[in-house]
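Novice: Okay, here's the structure, questions in a sec.
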Amino acid sequence: MKVLITAEQIEKRVDELAREIAAAYQPHEPVTIVGVLTGCLVFLADLIRRLDLPLRITLIQASSYRGATTTAGELRILPEMLLDLKDRHVLLLDDILDTGQTISKLTDKLREMGPRSLKVVVMLRKLGRRQVPFEPEFCGFQIPDEFVIGYGLDFNDEYRHLPFIGVLPQQ
């Protein structure tokens with residue numbers, strides 16, 4: 001398997017992202033992080049341990065990929081578990097920005113909930129696939145248009161546990 005981003009590179013960049021994010025908020029302002037299941041879990045766990053901010057964490061399930069598919073289908077959003085976001089500073093955290101469709105719809109949904117502010121952080125931004133114009137406030141790495149796995153990203157619910165980001169071998 002080709003390693004695209006090593007565990008050491010990820011660790012260093014997550015440290016940098018934590019500093020960038022903390023600087024974007026006033027000291028002692030509570031932030032609610034909304035993690036997009038399931039790919040966000042590893043990134044979320046690493047990032048929150050480095051953030052020097054008062055935090056609340058909530059999760060949302062939104063997916064347009066099913067099973068072994070590598071192309072997006074219809075988006076399903078399940079917001080039932082979300083904390084109240086009204087008048088809160090919200091940071092939407094996702095593993096990857098690919099076509100932009102999922103994250104764009106999610107930000108629209110979260111804005112309907114009346115947050116004081118809404119910013120987005122993604123671990124990866126895939127180049128060359130965007131169908132919806134969207135720019136996150138924070139991004140870990142830009143990557144080429146390859147199907148990646150590891151560090152929370154999966155193929156058919158496997159490979160999430162890998163400590164690096166690799167390119168899925170041809171099936």
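The way I read the labels, and the way they are meant: chains A, B, ... in the order of the structure tokens, residue 1 as the first residue of every chain, and ligand 1 as the first ligand shown, with later ones counted on from there.
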Please report, as JSON, numbers by chain, each residue of chain A to which DSSP assigns strand (DSSP E) when run on this structure's backbone.
Specialist: {"A": [2, 3, 4, 5, 31, 32, 33, 34, 35, 36, 37, 55, 56, 57, 58, 59, 60, 61, 62, 63, 76, 77, 78, 89, 90, 91, 92, 93, 94, 95, 96, 97, 117, 118, 119, 120, 121, 122, 123, 124, 125, 126, 138, 139, 140, 141, 142, 143, 148, 149, 165, 166, 167]}
Novice: For those residues, write C-alpha atoms to a file as a compact mmCIF listing (two decimals), in the first residue's frame.
Specialist:
```
# COMPACT_ATOMS: atom_id res chain seq x y z
CA LYS A 2 1.25 3.47 -0.88
CA VAL A 3 1.49 5.73 2.19
CA LEU A 4 0.33 9.21 1.23
CA ILE A 5 0.66 10.89 4.65
CA VAL A 31 -16.92 25.89 21.24
CA THR A 32 -19.20 23.04 20.25
CA ILE A 33 -17.48 20.60 17.94
CA VAL A 34 -19.84 18.68 15.66
CA GLY A 35 -18.07 15.57 14.40
CA VAL A 36 -19.34 13.86 11.27
CA LEU A 37 -19.57 10.12 11.89
CA LEU A 55 -15.39 22.34 24.45
CA ARG A 56 -18.63 20.49 24.00
CA ILE A 57 -18.69 17.58 21.59
CA THR A 58 -21.64 16.27 19.65
CA LEU A 59 -21.88 13.94 16.68
CA ILE A 60 -23.94 13.84 13.53
CA GLN A 61 -24.32 11.05 11.05
CA ALA A 62 -24.31 12.05 7.42
CA SER A 63 -23.32 9.77 4.62
CA ARG A 76 -28.73 11.10 4.45
CA ILE A 77 -28.41 13.31 7.54
CA LEU A 78 -29.38 12.03 10.98
CA HIS A 89 -19.76 28.82 18.39
CA VAL A 90 -19.79 25.68 16.25
CA LEU A 91 -16.86 23.92 14.61
CA LEU A 92 -17.95 21.25 12.11
CA LEU A 93 -15.26 18.58 11.89
CA ASP A 94 -15.08 16.10 9.01
CA ASP A 95 -12.49 13.69 7.70
CA ILE A 96 -12.48 14.66 4.02
CA LEU A 97 -13.80 17.32 1.65
CA SER A 117 -20.73 31.23 14.39
CA LEU A 118 -19.96 28.24 12.19
CA LYS A 119 -16.52 27.21 11.01
CA VAL A 120 -15.39 24.01 9.29
CA VAL A 121 -12.26 21.92 9.71
CA VAL A 122 -11.41 18.96 7.46
CA MET A 123 -8.44 16.67 7.74
CA LEU A 124 -8.20 16.19 3.97
CA ARG A 125 -9.24 18.23 0.96
CA LYS A 126 -9.27 16.19 -2.24
CA PHE A 138 -9.17 24.93 8.40
CA CYS A 139 -7.64 22.08 6.39
CA GLY A 140 -5.05 19.50 7.34
CA PHE A 141 -3.78 18.38 3.95
CA GLN A 142 -4.63 18.73 0.28
CA ILE A 143 -4.47 15.40 -1.51
CA VAL A 148 -7.65 7.07 0.54
CA ILE A 149 -7.96 4.97 3.68
CA ILE A 165 -3.34 7.82 5.27
CA GLY A 166 -2.75 5.47 2.39
CA VAL A 167 -4.01 4.99 -1.14
```
Novice: Please give the complete set of residues from chain A that DSSP, run on the backbone, assigns to alpha helix (DSSP H), formatted as a short mmCIF file (atom, residue, chain, number, x, y, z; two decimals) with C-alpha atoms, in the first residue's frame.
Specialist:
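Just written: out_9.cif:
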```
data_model
loop_
_atom_site.label_atom_id
_atom_site.label_comp_id
_atom_site.auth_asym_id
_atom_site.auth_seq_id
_atom_site.Cartn_x
_atom_site.Cartn_y
_atom_site.Cartn_z
CA ALA A 7 1.53 9.13 11.11
CA GLU A 8 4.28 11.61 12.02
CA GLN A 9 3.08 14.13 9.43
CA ILE A 10 -0.48 13.77 10.71
CA GLU A 11 0.59 14.31 14.32
CA LYS A 12 2.52 17.46 13.44
CA ARG A 13 -0.34 18.89 11.36
CA VAL A 14 -2.96 18.18 14.02
CA ASP A 15 -0.78 20.15 16.50
CA GLU A 16 -0.68 23.05 14.03
CA LEU A 17 -4.43 22.88 13.38
CA ALA A 18 -5.14 22.99 17.12
CA ARG A 19 -3.12 26.21 17.42
CA GLU A 20 -4.85 27.74 14.36
CA ILE A 21 -8.31 26.84 15.65
CA ALA A 22 -7.64 28.08 19.20
CA ALA A 23 -6.40 31.40 17.77
CA ALA A 24 -9.65 31.81 15.81
CA LEU A 41 -13.50 9.80 15.14
CA VAL A 42 -9.71 9.43 15.01
CA PHE A 43 -9.16 13.04 13.93
CA LEU A 44 -11.67 14.30 16.52
CA ALA A 45 -9.99 12.38 19.36
CA ASP A 46 -6.53 13.65 18.42
CA LEU A 47 -7.61 17.25 17.88
CA ILE A 48 -9.65 17.77 21.06
CA GLN A 101 -21.96 18.10 -1.49
CA THR A 102 -22.06 16.53 1.98
CA ILE A 103 -20.34 19.35 3.84
CA SER A 104 -22.33 22.03 2.04
CA LYS A 105 -25.63 20.39 3.01
CA LEU A 106 -24.42 19.86 6.55
CA THR A 107 -23.43 23.49 7.00
CA ASP A 108 -26.85 24.55 5.66
CA LYS A 109 -28.52 22.22 8.18
CA LEU A 110 -26.41 23.52 11.08
CA ARG A 111 -27.05 27.18 10.14
#
```
Novice: So that I can check the surroundings of range 156-164 of chain A, please list as a VMD selection string every protein, DNA and RNA residue that reaches within 6 Å of it, counting only C-alpha atoms and ignoring chain neighbours fewer than 2 positions away.
Specialist: chain A and resid 5 to 7 67 to 68 150 to 154
Novice: Just C-alpha atoms for this one: save the residues we selected as a PDB file, in the first residue's frame.
Specialist:
```pdb
ATOM      1  CA  ILE A   5       0.660  10.888   4.647  1.00  0.00           C
ATOM      2  CA  THR A   6       2.657   9.340   7.487  1.00  0.00           C
ATOM      3  CA  ALA A   7       1.534   9.125  11.106  1.00  0.00           C
ATOM      4  CA  GLY A  67     -20.932  -0.348   1.376  1.00  0.00           C
ATOM      5  CA  ALA A  68     -18.072  -0.775  -1.073  1.00  0.00           C
ATOM      6  CA  GLY A 150      -6.649   5.061   7.224  1.00  0.00           C
ATOM      7  CA  TYR A 151      -6.797   7.576  10.073  1.00  0.00           C
ATOM      8  CA  GLY A 152     -10.570   7.112  10.242  1.00  0.00           C
ATOM      9  CA  LEU A 153     -11.212   6.793   6.502  1.00  0.00           C
ATOM     10  CA  ASP A 154     -12.523   3.470   5.298  1.00  0.00           C
TER      11      ASP A 154
END
```
Novice: Can you tell me, as an MDAnalysis selection string, what residues are no more than 10 Å from Asp87 in chain A when counting only C-alpha atoms, ignoring any on the same chain fewer than 4 positions away?
Specialist: chainID A and resid 113:117
Novice: Restricting the calculation to only C-alpha atoms: of A:Asp52, A:Thr99, A:Glu146, A:Glu112, which residue gets closest to Phe134 in chain A?
Specialist: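 Closest candidate: A:Thr99.
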Novice: Could you tell me how far CA of Gly100 in chain A sits from CA of Arg129 in chain A, in Å to one decimal place?
Specialist: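 So the answer is 8.4 Å.
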Novice: Quote the spacing between CA of Met81 in chain A and CA of Pro27 in chain A in Å to one decimal place.
Specialist: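 If I compute the distance from CA of Met81 in chain A to CA of Pro27 in chain A, I get 27.5 Å.
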